[in-house]
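The data block below is upload-v6.json; it holds JSON, C-alpha atoms and all ligand atoms.
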[["chain", "number", "residue", "atom", "x", "y", "z"],
["X", 1, "MET", "CA", -7.92, -17.90, -35.67],
["X", 2, "GLU", "CA", -6.04, -16.24, -32.85],
["X", 3, "ILE", "CA", -3.85, -18.05, -30.33],
["X", 4, "LEU", "CA", -4.58, -17.09, -26.72],
["X", 5, "ASN", "CA", -0.99, -16.63, -25.65],
["X", 6, "GLY", "CA", -1.04, -17.33, -21.90],
["X", 7, "LYS", "CA", 2.71, -17.28, -21.70],
["X", 8, "LYS", "CA", 2.97, -13.73, -23.03],
["X", 9, "LEU", "CA", -0.08, -12.51, -21.09],
["X", 10, "SER", "CA", 1.24, -13.96, -17.83],
["X", 11, "GLN", "CA", 4.58, -12.23, -18.43],
["X", 12, "ASP", "CA", 2.75, -8.91, -18.89],
["X", 13, "ILE", "CA", 0.76, -9.42, -15.68],
["X", 14, "LYS", "CA", 3.89, -10.48, -13.78],
["X", 15, "ALA", "CA", 5.63, -7.33, -14.97],
["X", 16, "GLU", "CA", 2.69, -5.29, -13.58],
["X", 17, "ILE", "CA", 2.92, -7.15, -10.25],
["X", 18, "ALA", "CA", 6.71, -6.58, -10.15],
["X", 19, "GLU", "CA", 6.07, -2.84, -10.58],
["X", 20, "GLU", "CA", 3.68, -2.92, -7.62],
["X", 21, "VAL", "CA", 6.22, -4.77, -5.51],
["X", 22, "LYS", "CA", 8.80, -2.12, -6.38],
["X", 23, "LEU", "CA", 6.42, 0.59, -5.12],
["X", 24, "ILE", "CA", 5.74, -1.36, -1.92],
["X", 25, "LYS", "CA", 9.52, -1.63, -1.36],
["X", 26, "GLN", "CA", 10.02, 2.09, -2.01],
["X", 27, "LYS", "CA", 7.39, 2.89, 0.60],
["X", 28, "GLY", "CA", 8.98, 0.46, 3.07],
["X", 29, "GLY", "CA", 5.91, -1.79, 3.10],
["X", 30, "LYS", "CA", 5.80, -5.52, 3.70],
["X", 31, "ILE", "CA", 6.88, -7.68, 0.76],
["X", 32, "PRO", "CA", 4.15, -10.20, -0.18],
["X", 33, "HIS", "CA", 5.07, -13.70, 0.99],
["X", 34, "LEU", "CA", 3.70, -16.95, -0.47],
["X", 35, "ALA", "CA", 4.40, -20.34, 1.13],
["X", 36, "ALA", "CA", 3.91, -23.69, -0.60],
["X", 37, "VAL", "CA", 3.71, -27.07, 1.10],
["X", 38, "LEU", "CA", 4.82, -29.98, -1.07],
["X", 39, "ILE", "CA", 4.41, -33.53, 0.19],
["X", 40, "GLY", "CA", 6.24, -36.42, -1.48],
["X", 41, "ASN", "CA", 7.76, -36.34, -4.95],
["X", 42, "ASN", "CA", 5.01, -36.45, -7.54],
["X", 43, "PRO", "CA", 6.89, -35.15, -10.64],
["X", 44, "ALA", "CA", 4.00, -32.99, -11.88],
["X", 45, "SER", "CA", 3.50, -31.42, -8.41],
["X", 46, "GLU", "CA", 7.25, -30.76, -8.15],
["X", 47, "SER", "CA", 7.19, -29.04, -11.51],
["X", 48, "TYR", "CA", 4.15, -26.87, -10.60],
["X", 49, "VAL", "CA", 5.60, -25.85, -7.24],
["X", 50, "ARG", "CA", 8.96, -25.04, -8.82],
["X", 51, "SER", "CA", 7.18, -22.79, -11.27],
["X", 52, "LYS", "CA", 5.27, -21.05, -8.44],
["X", 53, "VAL", "CA", 8.47, -20.38, -6.47],
["X", 54, "ARG", "CA", 10.29, -19.16, -9.60],
["X", 55, "SER", "CA", 7.42, -16.76, -10.36],
["X", 56, "CYS", "CA", 7.60, -15.36, -6.82],
["X", 57, "ASP", "CA", 11.30, -14.65, -7.34],
["X", 58, "PHE", "CA", 10.53, -12.99, -10.67],
["X", 59, "VAL", "CA", 8.03, -10.50, -9.25],
["X", 60, "GLY", "CA", 10.03, -9.86, -6.06],
["X", 61, "PHE", "CA", 7.77, -11.76, -3.63],
["X", 62, "GLU", "CA", 9.20, -13.70, -0.75],
["X", 63, "SER", "CA", 8.52, -17.41, -0.95],
["X", 64, "THR", "CA", 8.93, -20.38, 1.34],
["X", 65, "LEU", "CA", 8.85, -23.98, 0.17],
["X", 66, "ILE", "CA", 8.07, -26.53, 2.87],
["X", 67, "ARG", "CA", 8.96, -30.00, 1.58],
["X", 68, "LYS", "CA", 8.02, -33.12, 3.49],
["X", 69, "ASP", "CA", 8.36, -36.81, 2.83],
["X", 70, "ASP", "CA", 5.13, -38.66, 2.00],
["X", 71, "SER", "CA", 5.48, -40.54, 5.29],
["X", 72, "ILE", "CA", 4.27, -37.36, 7.05],
["X", 73, "THR", "CA", 1.19, -37.94, 9.23],
["X", 74, "GLU", "CA", -2.04, -36.01, 8.80],
["X", 75, "GLU", "CA", -1.52, -34.56, 12.27],
["X", 76, "GLU", "CA", 1.96, -33.28, 11.39],
["X", 77, "LEU", "CA", 0.62, -31.65, 8.22],
["X", 78, "LEU", "CA", -2.23, -30.02, 10.16],
["X", 79, "GLU", "CA", 0.38, -28.63, 12.59],
["X", 80, "ILE", "CA", 2.30, -27.06, 9.68],
["X", 81, "ILE", "CA", -0.95, -25.52, 8.44],
["X", 82, "HIS", "CA", -1.65, -24.13, 11.90],
["X", 83, "GLU", "CA", 1.78, -22.48, 11.95],
["X", 84, "LEU", "CA", 1.22, -20.94, 8.52],
["X", 85, "ASN", "CA", -2.27, -19.75, 9.53],
["X", 86, "THR", "CA", -0.86, -17.92, 12.54],
["X", 87, "SER", "CA", 2.37, -16.62, 10.97],
["X", 88, "ASP", "CA", 2.49, -12.82, 10.69],
["X", 89, "ASP", "CA", 5.03, -13.11, 7.92],
["X", 90, "VAL", "CA", 3.22, -15.45, 5.48],
["X", 91, "ASP", "CA", 0.42, -13.70, 3.59],
["X", 92, "GLY", "CA", -0.93, -16.72, 1.79],
["X", 93, "PHE", "CA", -0.10, -20.38, 1.28],
["X", 94, "ILE", "CA", -1.02, -23.44, -0.70],
["X", 95, "VAL", "CA", -0.84, -27.16, 0.00],
["X", 96, "GLN", "CA", -0.07, -28.77, -3.34],
["X", 97, "LEU", "CA", -2.52, -31.52, -4.31],
["X", 98, "PRO", "CA", -2.78, -34.46, -4.66],
["X", 99, "LEU", "CA", -1.80, -35.58, -1.16],
["X", 100, "PRO", "CA", -0.77, -39.13, -0.17],
["X", 101, "LYS", "CA", -3.75, -41.47, 0.27],
["X", 102, "HIS", "CA", -3.50, -41.60, 4.08],
["X", 103, "ILE", "CA", -4.14, -37.84, 4.32],
["X", 104, "ASP", "CA", -7.69, -36.50, 4.05],
["X", 105, "GLU", "CA", -7.63, -33.66, 1.48],
["X", 106, "VAL", "CA", -10.94, -32.26, 2.68],
["X", 107, "LYS", "CA", -9.70, -32.05, 6.27],
["X", 108, "VAL", "CA", -6.53, -30.31, 5.09],
["X", 109, "THR", "CA", -8.44, -27.81, 2.93],
["X", 110, "LEU", "CA", -10.81, -27.01, 5.81],
["X", 111, "ALA", "CA", -7.83, -26.40, 8.14],
["X", 112, "ILE", "CA", -6.50, -23.53, 6.00],
["X", 113, "ASP", "CA", -7.52, -20.06, 7.18],
["X", 114, "PRO", "CA", -9.81, -18.78, 4.37],
["X", 115, "LYS", "CA", -8.03, -15.41, 4.56],
["X", 116, "LYS", "CA", -4.75, -17.13, 3.59],
["X", 117, "ASP", "CA", -6.29, -19.62, 1.16],
["X", 118, "VAL", "CA", -4.82, -18.11, -2.01],
["X", 119, "ASP", "CA", -5.78, -21.27, -3.95],
["X", 120, "GLY", "CA", -9.43, -20.40, -3.26],
["X", 121, "PHE", "CA", -10.21, -24.04, -2.37],
["X", 122, "HIS", "CA", -11.77, -23.49, 1.08],
["X", 123, "PRO", "CA", -15.60, -23.74, 1.10],
["X", 124, "VAL", "CA", -15.76, -20.19, 2.51],
["X", 125, "ASN", "CA", -14.05, -18.86, -0.61],
["X", 126, "PHE", "CA", -15.96, -21.22, -2.89],
["X", 127, "GLY", "CA", -19.29, -20.17, -1.34],
["X", 128, "ARG", "CA", -18.41, -16.49, -1.52],
["X", 129, "MET", "CA", -17.45, -16.93, -5.18],
["X", 130, "ALA", "CA", -20.79, -18.63, -5.89],
["X", 131, "GLN", "CA", -22.63, -15.69, -4.30],
["X", 132, "GLY", "CA", -20.55, -13.07, -6.10],
["X", 133, "LEU", "CA", -18.88, -11.83, -2.89],
["X", 134, "ASP", "CA", -15.26, -10.77, -2.52],
["X", 135, "CYS", "CA", -13.03, -13.85, -2.26],
["X", 136, "TYR", "CA", -9.95, -15.58, -3.62],
["X", 137, "LEU", "CA", -10.93, -17.09, -6.95],
["X", 138, "PRO", "CA", -9.37, -20.51, -7.61],
["X", 139, "ALA", "CA", -6.21, -19.98, -9.64],
["X", 140, "THR", "CA", -7.05, -21.81, -12.87],
["X", 141, "PRO", "CA", -10.57, -20.36, -13.37],
["X", 142, "PHE", "CA", -9.23, -16.93, -12.35],
["X", 143, "GLY", "CA", -6.48, -17.27, -14.98],
["X", 144, "ILE", "CA", -9.02, -18.21, -17.66],
["X", 145, "ILE", "CA", -11.25, -15.26, -16.76],
["X", 146, "GLN", "CA", -8.23, -12.92, -16.95],
["X", 147, "MET", "CA", -7.40, -14.30, -20.37],
["X", 148, "ILE", "CA", -10.98, -13.90, -21.65],
["X", 149, "GLU", "CA", -11.11, -10.34, -20.31],
["X", 150, "ARG", "CA", -7.75, -9.19, -21.64],
["X", 151, "TYR", "CA", -8.40, -10.61, -25.11],
["X", 152, "GLY", "CA", -11.78, -8.87, -25.15],
["X", 153, "ILE", "CA", -13.74, -12.09, -25.72],
["X", 154, "GLU", "CA", -17.49, -11.59, -25.32],
["X", 155, "THR", "CA", -19.18, -14.06, -22.95],
["X", 156, "SER", "CA", -22.52, -12.31, -22.39],
["X", 157, "GLY", "CA", -25.36, -14.24, -24.02],
["X", 158, "LYS", "CA", -22.97, -16.89, -25.34],
["X", 159, "HIS", "CA", -23.39, -20.59, -24.77],
["X", 160, "ALA", "CA", -20.44, -21.99, -22.82],
["X", 161, "VAL", "CA", -19.91, -25.72, -22.42],
["X", 162, "VAL", "CA", -17.61, -26.82, -19.61],
["X", 163, "VAL", "CA", -16.28, -30.36, -19.91],
["X", 164, "GLY", "CA", -15.37, -31.76, -16.47],
["X", 165, "ARG", "CA", -16.90, -30.97, -13.07],
["X", 166, "SER", "CA", -13.88, -30.91, -10.72],
["X", 167, "ASN", "CA", -13.95, -28.68, -7.65],
["X", 168, "ILE", "CA", -10.77, -26.97, -8.86],
["X", 169, "VAL", "CA", -11.71, -26.13, -12.45],
["X", 170, "GLY", "CA", -14.98, -27.30, -14.04],
["X", 171, "THR", "CA", -17.49, -26.46, -11.33],
["X", 172, "PRO", "CA", -16.05, -23.01, -10.41],
["X", 173, "MET", "CA", -15.63, -22.17, -14.10],
["X", 174, "SER", "CA", -19.32, -22.91, -14.71],
["X", 175, "ILE", "CA", -20.26, -20.59, -11.84],
["X", 176, "LEU", "CA", -17.97, -17.75, -12.97],
["X", 177, "LEU", "CA", -19.17, -17.81, -16.58],
["X", 178, "SER", "CA", -22.81, -17.67, -15.53],
["X", 179, "ARG", "CA", -22.37, -14.89, -12.92],
["X", 180, "LYS", "CA", -24.00, -11.52, -13.43],
["X", 181, "ALA", "CA", -20.59, -9.90, -13.86],
["X", 182, "LYS", "CA", -17.89, -8.97, -16.34],
["X", 183, "SER", "CA", -16.81, -12.07, -18.27],
["X", 184, "GLY", "CA", -19.99, -13.75, -17.08],
["X", 185, "ASN", "CA", -23.61, -13.70, -18.25],
["X", 186, "ALA", "CA", -23.08, -16.80, -20.38],
["X", 187, "THR", "CA", -25.57, -19.65, -20.58],
["X", 188, "VAL", "CA", -23.58, -22.55, -19.22],
["X", 189, "THR", "CA", -23.81, -26.31, -19.68],
["X", 190, "LEU", "CA", -21.63, -28.33, -17.28],
["X", 191, "THR", "CA", -20.86, -31.74, -18.77],
["X", 192, "HIS", "CA", -19.21, -34.79, -17.16],
["X", 193, "SER", "CA", -18.68, -38.53, -17.44],
["X", 194, "ARG", "CA", -22.43, -39.27, -17.20],
["X", 195, "THR", "CA", -23.43, -36.76, -19.89],
["X", 196, "LYS", "CA", -25.47, -38.66, -22.50],
["X", 197, "ASP", "CA", -24.17, -37.15, -25.75],
["X", 198, "LEU", "CA", -21.11, -35.11, -24.94],
["X", 199, "ALA", "CA", -20.19, -34.47, -28.59],
["X", 200, "ALA", "CA", -23.65, -33.01, -29.25],
["X", 201, "GLU", "CA", -23.36, -30.70, -26.21],
["X", 202, "VAL", "CA", -19.88, -29.49, -27.19],
["X", 203, "SER", "CA", -20.97, -28.90, -30.79],
["X", 204, "ARG", "CA", -23.50, -26.29, -29.59],
["X", 205, "ALA", "CA", -20.87, -24.28, -27.68],
["X", 206, "ASP", "CA", -19.68, -20.78, -28.52],
["X", 207, "ILE", "CA", -17.08, -21.26, -25.77],
["X", 208, "VAL", "CA", -15.61, -24.63, -24.78],
["X", 209, "ILE", "CA", -13.72, -25.14, -21.52],
["X", 210, "ALA", "CA", -12.01, -28.55, -21.66],
["X", 211, "ALA", "CA", -10.93, -29.80, -18.23],
["X", 212, "ILE", "CA", -11.15, -33.57, -18.19],
["X", 213, "GLY", "CA", -7.54, -34.74, -18.21],
["X", 214, "ILE", "CA", -7.81, -36.96, -21.31],
["X", 215, "PRO", "CA", -5.22, -36.22, -24.04],
["X", 216, "ASN", "CA", -6.66, -34.84, -27.31],
["X", 217, "PHE", "CA", -10.22, -35.73, -26.23],
["X", 218, "ILE", "CA", -11.95, -32.82, -28.00],
["X", 219, "SER", "CA", -11.72, -33.38, -31.75],
["X", 220, "ALA", "CA", -12.56, -31.02, -34.64],
["X", 221, "ASP", "CA", -15.81, -32.82, -35.50],
["X", 222, "MET", "CA", -17.12, -31.94, -32.00],
["X", 223, "VAL", "CA", -16.69, -28.17, -32.24],
["X", 224, "LYS", "CA", -18.64, -25.42, -33.95],
["X", 225, "GLU", "CA", -17.00, -23.20, -36.54],
["X", 226, "GLY", "CA", -15.75, -20.03, -34.80],
["X", 227, "ALA", "CA", -15.87, -21.41, -31.23],
["X", 228, "VAL", "CA", -13.54, -20.13, -28.50],
["X", 229, "ILE", "CA", -11.53, -23.09, -27.18],
["X", 230, "ILE", "CA", -9.94, -23.02, -23.72],
["X", 231, "ASP", "CA", -7.83, -26.11, -23.05],
["X", 232, "VAL", "CA", -7.08, -26.74, -19.37],
["X", 233, "GLY", "CA", -5.51, -30.19, -19.87],
["X", 234, "ILE", "CA", -1.85, -30.75, -19.10],
["X", 235, "ASN", "CA", -1.30, -34.41, -19.96],
["X", 236, "ARG", "CA", 2.06, -36.13, -20.18],
["X", 237, "VAL", "CA", 2.26, -38.51, -23.13],
["X", 238, "GLU", "CA", 5.25, -40.74, -23.79],
["X", 239, "ASP", "CA", 7.57, -39.41, -26.48],
["X", 240, "GLU", "CA", 10.92, -41.11, -26.95],
["X", 241, "SER", "CA", 12.10, -38.30, -29.23],
["X", 242, "ARG", "CA", 12.06, -35.87, -26.28],
["X", 243, "LYS", "CA", 14.91, -35.62, -23.79],
["X", 244, "LYS", "CA", 12.47, -36.03, -20.89],
["X", 245, "GLY", "CA", 10.78, -39.03, -22.54],
["X", 246, "TYR", "CA", 7.40, -37.29, -22.65],
["X", 247, "ARG", "CA", 5.65, -34.25, -24.08],
["X", 248, "LEU", "CA", 2.71, -32.22, -22.79],
["X", 249, "VAL", "CA", -0.60, -32.27, -24.65],
["X", 250, "GLY", "CA", -3.95, -30.76, -23.79],
["X", 251, "ASP", "CA", -7.48, -32.18, -23.71],
["X", 252, "VAL", "CA", -8.02, -30.69, -27.17],
["X", 253, "ASP", "CA", -6.64, -31.99, -30.46],
["X", 254, "PHE", "CA", -4.96, -28.66, -31.21],
["X", 255, "ASP", "CA", -3.95, -29.24, -34.86],
["X", 256, "SER", "CA", -7.44, -30.05, -36.12],
["X", 257, "VAL", "CA", -9.52, -27.95, -33.70],
["X", 258, "SER", "CA", -7.46, -24.78, -34.30],
["X", 259, "GLU", "CA", -8.64, -24.82, -37.94],
["X", 260, "LYS", "CA", -12.24, -24.26, -36.79],
["X", 261, "ALA", "CA", -11.71, -22.10, -33.69],
["X", 262, "SER", "CA", -11.84, -18.30, -33.50],
["X", 263, "TYR", "CA", -9.54, -18.33, -30.44],
["X", 264, "ILE", "CA", -7.66, -21.27, -28.93],
["X", 265, "THR", "CA", -5.20, -21.80, -26.08],
["X", 266, "PRO", "CA", -2.08, -23.85, -26.79],
["X", 267, "VAL", "CA", -0.61, -26.47, -24.44],
["X", 268, "PRO", "CA", 1.90, -25.66, -23.10],
["X", 269, "GLY", "CA", 1.83, -21.87, -22.97],
["X", 270, "GLY", "CA", -1.92, -21.31, -22.60],
["X", 271, "VAL", "CA", -3.87, -21.71, -19.36],
["X", 272, "GLY", "CA", -0.93, -23.14, -17.36],
["X", 273, "PRO", "CA", 1.13, -19.93, -17.00],
["X", 274, "MET", "CA", -2.05, -17.95, -16.23],
["X", 275, "THR", "CA", -2.74, -20.21, -13.24],
["X", 276, "VAL", "CA", 0.55, -19.28, -11.60],
["X", 277, "THR", "CA", -0.06, -15.59, -12.27],
["X", 278, "SER", "CA", -3.45, -15.81, -10.56],
["X", 279, "LEU", "CA", -1.84, -17.25, -7.48],
["X", 280, "LEU", "CA", 0.50, -14.24, -7.40],
["X", 281, "MET", "CA", -2.47, -11.89, -7.78],
["X", 282, "ASN", "CA", -4.25, -13.58, -4.87],
["X", 283, "THR", "CA", -1.11, -13.33, -2.74],
["X", 284, "LEU", "CA", -0.83, -9.62, -3.52],
["X", 285, "LYS", "CA", -4.48, -9.20, -2.55],
["X", 286, "SER", "CA", -3.82, -11.03, 0.71],
["X", 287, "SER", "CA", -0.77, -8.92, 1.56],
["X", 288, "ARG", "CA", -2.85, -5.78, 1.04],
["X", 289, "LYS", "CA", -5.29, -7.13, 3.65],
["X", 290, "GLU", "CA", -8.02, -6.46, 1.12],
["X", 291, "ILE", "CA", -9.79, -9.77, 1.41],
["X", 292, "TYR", "CA", -13.51, -9.75, 2.19],
["X", 293, "GLY", "CA", -13.61, -5.99, 1.63],
["W", 301, "LIG", "N1", -2.80, -29.53, -7.94],
["W", 301, "LIG", "C1", -3.13, -29.27, -9.24],
["W", 301, "LIG", "N2", -3.47, -27.98, -9.38],
["W", 301, "LIG", "C2", -3.34, -27.41, -8.15],
["W", 301, "LIG", "C3", -3.55, -26.09, -7.67],
["W", 301, "LIG", "O1", -3.93, -25.16, -8.39],
["W", 301, "LIG", "N3", -3.30, -25.89, -6.35],
["W", 301, "LIG", "C4", -2.90, -26.91, -5.54],
["W", 301, "LIG", "N4", -2.71, -26.63, -4.25],
["W", 301, "LIG", "N5", -2.71, -28.14, -5.95],
["W", 301, "LIG", "C5", -2.93, -28.39, -7.26]]
Target format structure tokens, applied to this file:
Amino acid sequence: MEILNGKKLSQDIKAEIAEEVKLIKQKGGKIPHLAAVLIGNNPASESYVRSKVRSCDFVGFESTLIRKDDSITEEELLEIIHELNTSDDVDGFIVQLPLPKHIDEVKVTLAIDPKKDVDGFHPVNFGRMAQGLDCYLPATPFGIIQMIERYGIETSGKHAVVVGRSNIVGTPMSILLSRKAKSGNATVTLTHSRTKDLAAEVSRADIVIAAIGIPNFISADMVKEGAVIIDVGINRVEDESRKKGYRLVGDVDFDSVSEKASYITPVPGGVGPMTVTSLLMNTLKSSRKEIYG
């Protein structure tokens, strides 16, 4: 069994990006600039955004954090998005989700200029991804694909089972794995809360992508010997022995499943760091004005 070390891999990729930034600086080019909009004070969102800003600093990108109280109106948020869309300085930006209930997430996503949508959430990017056209891939699926590629994991002809059909992870992951492309060509089953016998579906998988948000949901008895296990879950569970009062666990019961897996991602230190790296890669792509070929 081999651990898919997302932490180490993301550090390697960040080092490569930092080298590129150095070259851009030497040539007097424009430094890539990522902006993040954070509304309210959801602790998980704060932690993710902090990590995104820190990663920008690490690779030498410029970053701007726009923090607003959750009393912000939808109109005010749309105005901020308009300013970011039209800014010559900002190459790409994200609006951290979830948003307060009184703000329509779909409306917000649609307001972002697809050329600056480095999260890859806009339907233009999603549609282009589905058709195999140049686009920004959503950060988490992009990170998983990077990981699969760099570890040399074969996907062609394999049976991949994706657990969870979210717009951010499960659905795009199912599309990417089935594409006629590198790290694609898999036969994909997309499972969800209405799937009749989830355990039976997962047990047939050569590759499992777990993205349901339920701690330790995938147990050893559900997985095939030698399966590749990608755990997207980042769940906080109470733990009085920790200083913070909680610890992070994935959607996969790591201790038991790792004994049957050929490759497995840990939580933390697996998919999570790769997600941030993908966002940096998309921002670099945006600053190069490469998008849509
Ligand atoms: N909330 C959870 N994951 C993400 C993400 O990748 N991007 C944004 N914008 N919000 C999120």
Surrounding residues as a ChimeraX atom specification, ligand LIG 301 (chain W), max 6 Å, only C-alpha atoms and all ligand atoms: /X:94-98,119,139
Need to verify the contact set: X:Ile72, 12 Å, only C-alpha atoms, exclusion of same-chain residues closer than 6 positions in sequence. Can you return it as a PDB file with C-alpha atoms, keeping the file's coordinate frame?
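Written out: result-v9.pdb:
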ATOM      1  CA  VAL X  37       3.710 -27.070   1.100  1.00  0.00           C
ATOM      2  CA  LEU X  38       4.820 -29.980  -1.070  1.00  0.00           C
ATOM      3  CA  ILE X  39       4.410 -33.530   0.190  1.00  0.00           C
ATOM      4  CA  GLY X  40       6.240 -36.420  -1.480  1.00  0.00           C
ATOM      5  CA  LEU X  78      -2.230 -30.020  10.160  1.00  0.00           C
ATOM      6  CA  GLU X  79       0.380 -28.630  12.590  1.00  0.00           C
ATOM      7  CA  ILE X  80       2.300 -27.060   9.680  1.00  0.00           C
ATOM      8  CA  LEU X  99      -1.800 -35.580  -1.160  1.00  0.00           C
ATOM      9  CA  PRO X 100      -0.770 -39.130  -0.170  1.00  0.00           C
ATOM     10  CA  LYS X 101      -3.750 -41.470   0.270  1.00  0.00           C
ATOM     11  CA  HIS X 102      -3.500 -41.600   4.080  1.00  0.00           C
ATOM     12  CA  ILE X 103      -4.140 -37.840   4.320  1.00  0.00           C
TER      13      ILE X 103
END
Between atom CA of X:Thr171 and atom CA of X:Ala227, distance in Å (one decimal):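 Atom CA of X:Ala227 lies at a distance of 20.6 Å from atom CA of X:Thr171.
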Counting all atoms listed in the file, the option among X:Thr191, X:Asn167, X:Asn41, X:Thr109 closest to X:Arg67: X:Asn41
Expected residue set, 9 Å radius at (2.2, -19.7, -26.3), only C-alpha atoms, as a VMD selection string: chain X and resid 3 to 8 265 to 270
Exercise: X:Lys224 partners within 9 Å, all atoms listed in the file, chain neighbours under 6 positions left out, as a ChimeraX atom specification: /X:202-206,260-261
Please write the residues from the selection above to a file, keeping C-alpha atoms, as a short mmCIF file (atom, residue, chain, number, x, y, z; two decimals), keeping the file's coordinate frame.
data_model
loop_
_atom_site.label_atom_id
_atom_site.label_comp_id
_atom_site.auth_asym_id
_atom_site.auth_seq_id
_atom_site.Cartn_x
_atom_site.Cartn_y
_atom_site.Cartn_z
CA VAL X 202 -19.88 -29.49 -27.19
CA SER X 203 -20.97 -28.90 -30.79
CA ARG X 204 -23.50 -26.29 -29.59
CA ALA X 205 -20.87 -24.28 -27.68
CA ASP X 206 -19.68 -20.78 -28.52
CA LYS X 260 -12.24 -24.26 -36.79
CA ALA X 261 -11.71 -22.10 -33.69
#
Spatial neighbours of X:Pro172, max dist 9 Å, only C-alpha atoms, sep filter under 3 positions, as number ranges by chain: X: 126, 129-130, 137-138, 141, 165-169, 175-177
Atom CA of X:Gly132 to atom CA of X:Lys115, straight-line distance in Å: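 The value is 16.6 Å.
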Residues within 9 Å of stretch 19-21 of chain X, all atoms listed in the file, excluding chain neighbours under 3 positions, as JSON, numbers by chain: {"X": [14, 15, 16, 24, 25, 26, 31, 32, 59, 60, 61, 284]}
Using 6 Å of padding on each side, determine the axis-aligned box around all atoms of stretch 102-112 of chain X present in the file and give its centre and edge lengths in Å to one decimal, as lines of an AutoDock Vina configuration file.
center_x = -7.2
center_y = -32.6
center_z = 4.8
size_x = 19.4
size_y = 30.1
size_z = 18.7
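Taking atom CA of X:Asp134 and atom CA of X:Glu149 as the two end points, the separation is 18.3 Å.
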Sel. within 10 Å of pt (-5.1, -25.1, 9.2), counting all atoms listed in the file, output as a PyMOL selection string: chain X and resi 77-86+107-114+116-117
Distance criterion (all atoms listed in the file): nearest to X:Val271 out of X:Phe142, X:Tyr292, X:Phe217, X:Tyr136: X:Phe142
Exercise: X:Val208 partners within 12 Å, all atoms listed in the file, chain neighbours under 6 positions left out, as a ChimeraX atom specification: /X:144,155,158-164,170,173-174,177,186-191,198-199,201-202,218-219,222-232,251-252,257,261-265
Pick from X:Lys243, X:Ser256, X:Thr277, X:Ser287 nearest to X:Val53, counting all atoms listed in the file: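 Closest residue, counting all atoms listed in the file: X:Thr277.
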Nearest to X:Arg236 by atom-to-atom distance, counting all atoms listed in the file, from X:Pro215, X:Leu280, X:Gly120, X:Phe254: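 Answer, going by the shortest atom-to-atom distance: X:Pro215.
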Best match for closeness to X:Val276 among X:Leu23, X:Ile214, X:Ile17, X:Cys56, counting all atoms listed in the file: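 Ranking X:Leu23, X:Ile214, X:Ile17, X:Cys56 by distance to X:Val276, first place goes to X:Cys56.
Proximity to X:Gly293 was assessed for X:Ala210, X:His33, X:Arg128, X:Asp253 counting all atoms listed in the file; the smallest distance is recorded for X:Arg128.
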